[in-house]
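Working notes for the structure below.
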Amino acid sequence: MDYKQVPERWTTRVRKPSRKGSMADVPQDIVTEIASLERLFTVDQAKLKEITEQFIVELKDGLEGNGNIPMNPSWVMNMPDGEETGRFLALDMGGTNLRVCEIELVDEKGEFDIIQSKYRMPEELKSGNAEELWDYTADCIEQFIEYHHEDDKDNLETLPLGFTFSYPATQEYIDHGVLQRWTKGWAVEGVEGHDVVPQLEKALRERKLPVTIAALVNDTTGTLVASAYTDTAMRLGCIFGTGCNGAYVEHCGNIPKLKHMNLPDDMEMLINCEYGAFNSKGTTPVLPKTPYDVMIDETSPRPGQQAYEKMISGLYLGEIFRLTMLDLHDNKKLIFQNQDLAQFRTPFCLDSSFLSFIEEDPFENLSETQDMFNDKFQVKANKAELELCRRLAELIGTRAARLCACGIAAICKMKGFDSCHVGADGSVFNKYPHFKQRIAKALRDILDWTGRKDPIVLSASEDGSGVGAALIAALTVKRIKEGNTNGIQDVKKFGL
């Protein structure tokens with residue numbers, strides 16, 4: 001089957017700063033309910049510290065090979081020093097798009113040049129078969145090379161490729177990954193339970209493309225590596241988007257589940273935590289779940305799992321808001337009286353952008369929020385109801401940010417980091433109003449900072465799934481040359 005690869009352009013809308021709310025003329029029953037919601041969703045300093053201590057316990061359990069947090073070794077065994085050079089490819093396969101990048105690591109320390117093309121993944125491909133998927137992927141890479149190397153493609157040296165594969169995979173080597181299960185609505189036959197690397201390599205060989213898959217990359221690990229390339233103080237990489245995750249550098253001597261490999265204790269290993277599973281079923285419960293969090297978990301495809309993620313990630317924030325609003329309408333009879341909320345009853349009809357929109361409404365009378373409720377849900381909201389909606393959005397967004405800080409603080413405390421930089425990426429971190437500042441405030445609460453300058457600083461990361469993947473390919477080649485072939489399945493293909 002032939003598919004046409006069409007590069008896509010995209011833009012970002014910048015909104016006005018959000019306004020302060022006014023509770024004047026709000027009826028007392030609404031004021032009382034807002035106070036109740038504040039008690040329900042607020043996570044105080046003592047609770048943050050309790051969560052952080054339990055987080056450390058579960059991180060260590062994961063390194064032992066026990067518990068819910070996987071703490072997956074990524075087989076990225078060295079960090080960039082900014083001196084890496086060469087030309088590398090990156091392939092980023094997400095749920096909607098496929099992106100091919102070429103990154104030139106130049107002589108200037110920490111600098112790089114990048115060219116990239118983005119292709120839409122055809123919907124029919126997502127329910128097709130493995131051959132169609134990898135043929136299309138290889139066709140995109142071939143088109144990219146032909147377009148950007150029209151004059152020298154016949155003399156092009158083999159390009160090592162970092163492949164960001166954003167689906168759950170078991171990875172025993174850096175150039176290996178067995179797909180556990182498709183997510184994001186995909187159902188391609190013949191891939192689950194198989195190593196995706198040789199499947200793609202076969203399609204590349206059939207086209208005689210000068211490309212070798214050097215590394216299968218997790219986007220969070222890529223975020224850390226890309227950020228560390230330009231900032232040597234970077235110690236953690238985090239994703240706060242549809243899901244949540246963290247990555248950091250551990251010493252092999254602190255990873256008991258790898259003891260059988262007899263790796264040197266001081267050898268570095270980047271750990272892909274997958275800590276959205278924190279405090280899931282079977283652990284000491286510390287997360288401050290509301291009745292709405294419980295409802296989300298109980299009706300989810302995997303009850304009792306990914307407990308942390310279900311309270312903080314962008315996929316769930318809108319659903320927490322929706323369930324709360326329905327409770328206030330259906331059971332407490334406080335809002336939208338005598339109105340039909342049929343359009344509001346579809347699970348997950350709201351995402352985090354809905355809450356962002358409310359928080360960013362710049363008008364004192366919340367007219368933009370009022371228009372959105374009317375246009376999207378055919379609900380007419382009065383001033384008091386709008387103020388309640390605004391405050392609820394703030395509470396849910398603030399709780400998410402404060403809980404996010406616990407994972408960062410736990411890794412920093414476990415590793416003894418008194419100061420460091422944290423590279424963060426994801427739609428919630430980048431687009432949700434005040435999210436970064438709220439995390440910073442929570443870190444101050446957890447770690448008892450009193451100075452004017454925060455010693456642990458979050459910043460927007462470099463492109464983890466593009467630049468990070470290419471850098472991991474570069475680091476893999478670098479360590480092979482240095483004689484470290486641990487965690488590499490097929491050394492011969494590199495031709496070194």
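By convention here, the chains of the structure tokens are called A, B, ... in the order presented, each chain's residues are numbered starting at 1, and ligands are numbered starting at 1 in the order presented.
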Taking 5 positions as the minimum chain separation for residues in the same chain, which residues sit within 7 Å of A:Lys257 when counting only C-alpha atoms? Answer as a PyMOL selection string. chain A and resi 63-65
Could you find all residues in stretch 75-203 of chain A that DSSP calls strand (DSSP E) from the backbone, and write them as JSON, numbers by chain? {"A": [86, 87, 88, 89, 90, 91, 92, 93, 97, 98, 99, 100, 101, 102, 103, 104, 105, 112, 113, 114, 115, 116, 117, 118, 119, 120, 159, 160, 161, 162, 163, 164, 165, 169, 170, 178, 179]}
Would you export the selected residues with C-alpha atoms as a compact mmCIF listing (two decimals), in the first residue's frame, please?
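Here's the written file result_0.txt:
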# COMPACT_ATOMS: atom_id res chain seq x y z
CA GLY A 86 29.40 14.33 13.80
CA ARG A 87 26.20 13.89 11.82
CA PHE A 88 23.33 11.77 13.14
CA LEU A 89 19.70 11.05 12.37
CA ALA A 90 16.74 10.98 14.74
CA LEU A 91 13.38 9.33 14.12
CA ASP A 92 10.49 10.33 16.38
CA MET A 93 7.42 8.10 16.09
CA ASN A 97 3.10 12.25 13.42
CA LEU A 98 6.45 10.92 12.30
CA ARG A 99 9.43 13.26 12.43
CA VAL A 100 12.83 12.77 10.80
CA CYS A 101 15.73 14.98 11.90
CA GLU A 102 19.35 15.33 10.93
CA ILE A 103 21.53 16.83 13.64
CA GLU A 104 25.04 18.09 13.01
CA LEU A 105 27.05 18.31 16.24
CA PHE A 112 24.28 21.88 16.89
CA ASP A 113 22.52 22.43 13.59
CA ILE A 114 19.25 20.68 12.82
CA ILE A 115 17.10 20.10 9.76
CA GLN A 116 13.82 18.22 10.10
CA SER A 117 10.65 17.17 8.33
CA LYS A 118 7.35 16.11 9.86
CA TYR A 119 4.96 13.62 8.29
CA ARG A 120 1.38 12.74 9.15
CA LEU A 159 24.36 7.69 9.51
CA PRO A 160 23.73 6.36 13.07
CA LEU A 161 20.07 6.85 14.00
CA GLY A 162 18.42 7.38 17.37
CA PHE A 163 14.85 6.05 17.28
CA THR A 164 12.40 7.61 19.75
CA PHE A 165 9.69 4.98 20.07
CA ALA A 169 8.86 -1.56 25.23
CA THR A 170 11.09 -4.01 27.10
CA VAL A 178 10.26 -5.51 22.31
CA LEU A 179 6.87 -3.76 22.07
Give me the residues near A:Ile439 as an NGL selection string, where near means some atom within 7 Å (using only C-alpha atoms) and where sequence neighbours in that chain fewer than 5 positions away do not count. :A and (401-402 or 404-405)
Contact residues around A:Asp231 with only C-alpha atoms at 9 Å, ignoring same-chain residues under 6 positions, as a list in words: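 The residues that qualify are Gly82, Gly110 and His421 of chain A.
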Keeping only all heavy atoms, write those residues as an mmCIF file, in the first residue's frame.
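File written: again-v9.cif
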data_model
loop_
_atom_site.group_PDB
_atom_site.id
_atom_site.type_symbol
_atom_site.label_atom_id
_atom_site.label_comp_id
_atom_site.auth_asym_id
_atom_site.auth_seq_id
_atom_site.Cartn_x
_atom_site.Cartn_y
_atom_site.Cartn_z
ATOM 1 N N GLY A 82 29.415 18.035 25.641
ATOM 2 C CA GLY A 82 29.359 19.191 24.757
ATOM 3 C C GLY A 82 30.421 19.188 23.677
ATOM 4 O O GLY A 82 30.424 20.049 22.792
ATOM 5 N N GLY A 110 28.621 22.383 22.784
ATOM 6 C CA GLY A 110 27.194 22.472 23.079
ATOM 7 C C GLY A 110 26.343 23.038 21.965
ATOM 8 O O GLY A 110 25.165 23.327 22.177
ATOM 9 N N HIS A 421 20.182 21.556 37.862
ATOM 10 C CA HIS A 421 19.179 21.994 36.903
ATOM 11 C C HIS A 421 18.360 20.793 36.454
ATOM 12 O O HIS A 421 18.868 19.666 36.382
ATOM 13 C CB HIS A 421 19.836 22.659 35.693
ATOM 14 C CG HIS A 421 20.492 23.960 36.013
ATOM 15 N ND1 HIS A 421 21.272 24.662 35.128
ATOM 16 C CD2 HIS A 421 20.479 24.703 37.154
ATOM 17 C CE1 HIS A 421 21.715 25.774 35.696
ATOM 18 N NE2 HIS A 421 21.240 25.818 36.919
#
Which of stretch 188-277 of chain A fall in alpha helix (DSSP H), as a list of chain:residue names: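 Assigned to alpha helix (DSSP H), within stretch 188-277 of chain A: A:Val196, A:Val197, A:Pro198, A:Gln199, A:Leu200, A:Glu201, A:Lys202, A:Ala203, A:Leu204, A:Arg205, A:Glu206, A:Asp219, A:Thr220, A:Thr221, A:Gly222, A:Thr223, A:Leu224, A:Val225, A:Ala226, A:Ser227, A:Ala228, A:Tyr229, A:Thr230.
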Choose the residue, out of A:Thr212, A:Ser127, A:Asn382, A:Gln370, that has the smallest atom-to-atom separation from A:Ile30; count only C-alpha atoms.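 Closest to A:Ile30 of all the choices is A:Asn382.
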Compare A:Glu50, A:Glu368, A:Asp195, A:Glu482 by their minimum atom-to-atom distance to A:Asp175, counting only C-alpha atoms, and give me the closest one.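 Of A:Glu50, A:Glu368, A:Asp195, A:Glu482, the one nearest A:Asp175, counting only C-alpha atoms, is A:Asp195.
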Distance in Å - atom CA of A:Ile69 versus atom CA of A:Asn245: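 Distance reported for this atom pair: 10.4 Å.
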One-decimal distance in Å that lies between atom CA of A:Phe354 and atom CA of A:Pro122: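 Between atom CA of A:Pro122 and atom CA of A:Phe354 the gap is 27.1 Å.
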Check which residues of stretch 230-294 of chain A sit at most 9 Å from stretch 301-304 of chain A using only C-alpha atoms, and return one row each with the closest pair of atoms and their distance in Å to one decimal, ordered by chain and rising number, as CSV.
residue,atom,partner,partner_atom,distance
A:Ser280,CA,A:Gly304,CA,5.7
A:Lys281,CA,A:Gly304,CA,4.9
A:Gly282,CA,A:Gly304,CA,8.6
Nearest to A:Gln45: which of A:Thr284, A:Thr485, A:Ile255, A:Arg444 is it, counting only C-alpha atoms? A:Arg444
Quick one, how far is atom CA of A:Thr232 from atom CA of A:Val217?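 Computed distance, atom CA of A:Thr232 to atom CA of A:Val217, equals 20.8 Å.
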Polymer residues at most 12 Å from A:Gln305, only C-alpha atoms, same-chain spacing of 2 or more positions, as a PyMOL selection string: chain A and resi 67-69+275-283+294+296-303+307-311
Need the shell around stretch 394-398 of chain A: protein/DNA/RNA residues with any atom at most 9 Å away, counting only C-alpha atoms. Skip same-chain ones fewer than 3 positions apart. Format as a short mmCIF file (atom, residue, chain, number, x, y, z; two decimals) with all heavy atoms, in the first residue's frame?
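The resulting file, around_36.cif, is reproduced below:
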data_model
loop_
_atom_site.label_atom_id
_atom_site.label_comp_id
_atom_site.auth_asym_id
_atom_site.auth_seq_id
_atom_site.Cartn_x
_atom_site.Cartn_y
_atom_site.Cartn_z
N LEU A 37 -13.83 22.82 48.39
CA LEU A 37 -12.95 22.34 47.32
C LEU A 37 -11.49 22.67 47.61
O LEU A 37 -10.58 21.88 47.31
CB LEU A 37 -13.37 22.95 45.98
CG LEU A 37 -14.71 22.48 45.42
CD1 LEU A 37 -15.12 23.34 44.22
CD2 LEU A 37 -14.65 21.01 45.02
N GLU A 38 -11.25 23.83 48.20
CA GLU A 38 -9.88 24.20 48.57
C GLU A 38 -9.30 23.22 49.58
O GLU A 38 -8.14 22.81 49.48
CB GLU A 38 -9.85 25.62 49.12
CG GLU A 38 -10.07 26.67 48.04
CD GLU A 38 -10.22 28.08 48.59
OE1 GLU A 38 -10.48 28.22 49.81
OE2 GLU A 38 -10.08 29.04 47.80
N PHE A 41 -8.59 19.77 47.61
CA PHE A 41 -7.53 19.70 46.60
C PHE A 41 -6.19 20.28 47.04
O PHE A 41 -5.20 20.11 46.33
CB PHE A 41 -7.99 20.40 45.31
CG PHE A 41 -8.96 19.60 44.48
CD1 PHE A 41 -10.33 19.84 44.55
CD2 PHE A 41 -8.51 18.58 43.65
CE1 PHE A 41 -11.22 19.10 43.79
CE2 PHE A 41 -9.40 17.84 42.89
CZ PHE A 41 -10.76 18.10 42.96
N THR A 42 -6.13 20.94 48.16
CA THR A 42 -4.87 21.54 48.59
C THR A 42 -3.95 20.49 49.21
O THR A 42 -4.38 19.69 50.04
CB THR A 42 -5.13 22.67 49.61
OG1 THR A 42 -5.89 23.70 48.97
CG2 THR A 42 -3.82 23.25 50.13
N VAL A 43 -2.70 20.51 48.79
CA VAL A 43 -1.68 19.60 49.34
C VAL A 43 -0.69 20.46 50.13
O VAL A 43 0.08 21.22 49.55
CB VAL A 43 -0.94 18.83 48.22
CG1 VAL A 43 0.00 17.79 48.83
CG2 VAL A 43 -1.93 18.18 47.27
N MET A 311 -3.22 11.55 38.71
CA MET A 311 -3.51 12.76 39.48
C MET A 311 -2.82 14.00 38.92
O MET A 311 -3.17 15.12 39.30
CB MET A 311 -3.10 12.57 40.94
CG MET A 311 -3.89 11.48 41.65
SD MET A 311 -3.40 11.25 43.37
CE MET A 311 -4.05 12.77 44.12
N ILE A 312 -1.83 13.81 38.01
CA ILE A 312 -1.04 14.97 37.61
C ILE A 312 -0.89 15.16 36.10
O ILE A 312 -0.49 16.24 35.66
CB ILE A 312 0.38 14.92 38.23
CG1 ILE A 312 1.20 13.76 37.65
CG2 ILE A 312 0.32 14.83 39.74
CD1 ILE A 312 2.64 13.74 38.12
N LEU A 317 -6.36 15.75 33.96
CA LEU A 317 -6.75 16.97 34.66
C LEU A 317 -8.14 17.44 34.26
O LEU A 317 -8.95 17.85 35.10
CB LEU A 317 -5.73 18.08 34.39
CG LEU A 317 -4.29 17.81 34.86
CD1 LEU A 317 -3.42 19.05 34.66
CD2 LEU A 317 -4.25 17.37 36.32
N GLY A 318 -8.44 17.37 32.97
CA GLY A 318 -9.76 17.77 32.51
C GLY A 318 -10.85 16.85 33.02
O GLY A 318 -11.97 17.28 33.32
N ILE A 320 -10.79 15.18 35.92
CA ILE A 320 -11.02 15.52 37.33
C ILE A 320 -11.97 16.71 37.43
O ILE A 320 -12.91 16.71 38.24
CB ILE A 320 -9.68 15.83 38.04
CG1 ILE A 320 -8.79 14.58 38.05
CG2 ILE A 320 -9.92 16.31 39.47
CD1 ILE A 320 -7.35 14.87 38.46
N PHE A 321 -11.74 17.71 36.60
CA PHE A 321 -12.60 18.90 36.56
C PHE A 321 -14.04 18.51 36.19
O PHE A 321 -15.01 18.93 36.83
CB PHE A 321 -12.04 19.90 35.56
CG PHE A 321 -12.79 21.20 35.45
CD1 PHE A 321 -12.44 22.28 36.22
CD2 PHE A 321 -13.87 21.32 34.58
CE1 PHE A 321 -13.14 23.49 36.12
CE2 PHE A 321 -14.58 22.50 34.47
CZ PHE A 321 -14.20 23.59 35.25
N SER A 352 -6.43 19.05 29.45
CA SER A 352 -5.81 20.09 30.28
C SER A 352 -5.89 21.47 29.62
O SER A 352 -5.85 22.49 30.32
CB SER A 352 -4.35 19.74 30.58
OG SER A 352 -3.61 19.60 29.38
N LEU A 355 -8.68 23.60 31.10
CA LEU A 355 -8.36 24.27 32.36
C LEU A 355 -7.41 25.44 32.12
O LEU A 355 -7.54 26.49 32.76
CB LEU A 355 -7.73 23.27 33.35
CG LEU A 355 -8.71 22.41 34.15
CD1 LEU A 355 -9.44 21.42 33.24
CD2 LEU A 355 -7.97 21.64 35.26
N SER A 356 -6.46 25.26 31.22
CA SER A 356 -5.54 26.35 30.88
C SER A 356 -6.31 27.56 30.38
O SER A 356 -6.03 28.70 30.75
CB SER A 356 -4.55 25.90 29.80
OG SER A 356 -3.73 24.86 30.25
N ILE A 358 -9.39 28.45 31.02
CA ILE A 358 -10.09 29.11 32.12
C ILE A 358 -9.12 29.94 32.94
O ILE A 358 -9.39 31.11 33.27
CB ILE A 358 -10.79 28.07 33.01
CG1 ILE A 358 -11.90 27.36 32.22
CG2 ILE A 358 -11.38 28.73 34.26
CD1 ILE A 358 -12.54 26.20 32.97
N GLU A 359 -7.97 29.38 33.29
CA GLU A 359 -7.00 30.10 34.11
C GLU A 359 -6.45 31.33 33.40
O GLU A 359 -6.06 32.30 34.04
CB GLU A 359 -5.86 29.18 34.53
CG GLU A 359 -6.21 28.21 35.64
CD GLU A 359 -5.04 27.89 36.52
OE1 GLU A 359 -4.39 28.86 37.02
OE2 GLU A 359 -4.74 26.71 36.72
N CYS A 389 -15.71 27.83 38.76
CA CYS A 389 -14.96 27.10 37.73
C CYS A 389 -13.50 27.54 37.69
O CYS A 389 -12.58 26.72 37.58
CB CYS A 389 -15.60 27.31 36.35
SG CYS A 389 -17.20 26.51 36.16
N ARG A 390 -13.31 28.86 37.77
CA ARG A 390 -11.94 29.38 37.75
C ARG A 390 -11.14 28.86 38.93
O ARG A 390 -10.01 28.40 38.80
CB ARG A 390 -11.93 30.91 37.75
CG ARG A 390 -10.53 31.52 37.74
CD ARG A 390 -10.58 33.01 38.00
NE ARG A 390 -11.13 33.30 39.32
CZ ARG A 390 -10.42 33.26 40.44
NH1 ARG A 390 -9.15 32.93 40.42
NH2 ARG A 390 -10.98 33.55 41.59
N ARG A 391 -11.75 28.92 40.12
CA ARG A 391 -11.03 28.48 41.32
C ARG A 391 -10.75 26.98 41.28
O ARG A 391 -9.68 26.53 41.67
CB ARG A 391 -11.84 28.84 42.57
CG ARG A 391 -11.11 28.52 43.87
CD ARG A 391 -9.81 29.28 43.98
NE ARG A 391 -9.09 28.97 45.19
CZ ARG A 391 -7.77 28.75 45.25
NH1 ARG A 391 -7.05 28.83 44.13
NH2 ARG A 391 -7.18 28.49 46.38
N ALA A 401 0.86 20.43 39.90
CA ALA A 401 2.24 20.94 39.93
C ALA A 401 2.93 20.58 41.23
O ALA A 401 4.11 20.19 41.25
CB ALA A 401 2.21 22.46 39.73
N ARG A 402 2.23 20.70 42.34
CA ARG A 402 2.84 20.40 43.64
C ARG A 402 3.16 18.90 43.77
O ARG A 402 4.21 18.53 44.33
CB ARG A 402 1.93 20.88 44.77
CG ARG A 402 1.90 22.40 44.88
CD ARG A 402 0.92 22.90 45.90
NE ARG A 402 1.31 22.63 47.29
CZ ARG A 402 2.22 23.31 47.98
NH1 ARG A 402 2.88 24.32 47.40
NH2 ARG A 402 2.47 23.01 49.24
N LEU A 403 2.29 18.07 43.25
CA LEU A 403 2.60 16.64 43.27
C LEU A 403 3.75 16.30 42.33
O LEU A 403 4.57 15.43 42.62
CB LEU A 403 1.36 15.82 42.91
CG LEU A 403 0.22 15.84 43.94
CD1 LEU A 403 -0.98 15.07 43.41
CD2 LEU A 403 0.67 15.25 45.28
N TYR A 432 0.74 24.99 30.34
CA TYR A 432 -0.21 25.25 31.42
C TYR A 432 0.26 26.46 32.22
O TYR A 432 1.40 26.51 32.66
CB TYR A 432 -0.35 24.03 32.34
CG TYR A 432 -1.62 24.08 33.17
CD1 TYR A 432 -2.74 23.36 32.78
CD2 TYR A 432 -1.72 24.87 34.30
CE1 TYR A 432 -3.92 23.41 33.49
CE2 TYR A 432 -2.89 24.94 35.03
CZ TYR A 432 -3.99 24.21 34.63
OH TYR A 432 -5.15 24.28 35.33
N PRO A 433 -0.60 27.46 32.42
CA PRO A 433 -0.17 28.70 33.09
C PRO A 433 0.32 28.46 34.51
O PRO A 433 -0.30 27.69 35.26
CB PRO A 433 -1.43 29.58 33.07
CG PRO A 433 -2.57 28.64 32.84
CD PRO A 433 -2.04 27.52 32.02
N HIS A 434 1.42 29.08 34.84
CA HIS A 434 2.00 29.10 36.19
C HIS A 434 2.53 27.73 36.66
O HIS A 434 2.89 27.59 37.83
CB HIS A 434 0.98 29.61 37.24
CG HIS A 434 0.15 30.76 36.78
ND1 HIS A 434 0.71 31.95 36.35
CD2 HIS A 434 -1.20 30.90 36.64
CE1 HIS A 434 -0.28 32.78 35.99
NE2 HIS A 434 -1.43 32.16 36.16
N PHE A 435 2.58 26.75 35.79
CA PHE A 435 2.95 25.39 36.22
C PHE A 435 4.38 25.37 36.76
O PHE A 435 4.64 24.79 37.83
CB PHE A 435 2.80 24.41 35.06
CG PHE A 435 2.64 22.98 35.50
CD1 PHE A 435 1.41 22.51 35.96
CD2 PHE A 435 3.70 22.10 35.48
CE1 PHE A 435 1.25 21.19 36.37
CE2 PHE A 435 3.56 20.78 35.88
CZ PHE A 435 2.33 20.33 36.33
N ARG A 438 4.62 27.05 40.14
CA ARG A 438 3.98 26.26 41.20
C ARG A 438 4.87 25.09 41.62
O ARG A 438 4.92 24.74 42.80
CB ARG A 438 2.62 25.77 40.71
CG ARG A 438 1.59 26.89 40.62
CD ARG A 438 0.36 26.48 39.82
NE ARG A 438 -0.64 27.54 39.80
CZ ARG A 438 -1.73 27.53 39.04
NH1 ARG A 438 -1.97 26.50 38.23
NH2 ARG A 438 -2.60 28.52 39.09
N ILE A 439 5.57 24.47 40.66
CA ILE A 439 6.52 23.42 41.01
C ILE A 439 7.64 24.00 41.87
O ILE A 439 8.04 23.40 42.88
CB ILE A 439 7.11 22.75 39.76
CG1 ILE A 439 6.04 21.95 39.02
CG2 ILE A 439 8.27 21.83 40.13
CD1 ILE A 439 6.53 21.27 37.75
#
Exercise: A:Ser74 partners within 7 Å, only C-alpha atoms, chain neighbours under 2 positions left out, as an MDAnalysis selection string: chainID A and resid 72 76 174 270:272
Could you turn the residues from that selection into a file that holds N, CA, C and O atoms, as a short mmCIF file (atom, residue, chain, number, x, y, z; two decimals), in the first residue's frame?
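Result saved to part_0.cif:
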data_model
loop_
_atom_site.label_atom_id
_atom_site.label_comp_id
_atom_site.auth_asym_id
_atom_site.auth_seq_id
_atom_site.Cartn_x
_atom_site.Cartn_y
_atom_site.Cartn_z
N ASN A 72 13.79 1.55 34.80
CA ASN A 72 14.39 0.81 33.69
C ASN A 72 15.78 1.33 33.34
O ASN A 72 15.94 2.53 33.05
N VAL A 76 21.95 3.87 28.22
CA VAL A 76 22.73 5.08 27.93
C VAL A 76 23.69 5.20 29.10
O VAL A 76 23.27 5.40 30.24
N ILE A 174 20.55 -1.30 24.21
CA ILE A 174 20.20 0.04 23.73
C ILE A 174 19.68 0.00 22.29
O ILE A 174 18.89 0.85 21.88
N LEU A 270 21.95 5.77 32.77
CA LEU A 270 20.75 6.61 32.84
C LEU A 270 19.55 5.73 33.12
O LEU A 270 19.35 4.70 32.47
N ILE A 271 18.77 6.13 34.11
CA ILE A 271 17.59 5.38 34.52
C ILE A 271 16.33 6.08 34.02
O ILE A 271 16.11 7.26 34.28
N ASN A 272 15.52 5.33 33.29
CA ASN A 272 14.20 5.79 32.87
C ASN A 272 13.22 5.32 33.94
O ASN A 272 12.85 4.14 33.98
#
Contacts of stretch 51-100 of chain A with stretch 235-242 of chain A up to 12 Å, shortest pair per row, only C-alpha atoms, as a Markdown table:
| residue | atom | partner | partner_atom | distance |
| --- | --- | --- | --- | --- |
| A:Met79 | CA | A:Arg235 | CA | 9.9 |
| A:Pro80 | CA | A:Arg235 | CA | 11.8 |
| A:Gly95 | CA | A:Thr242 | CA | 11.4 |
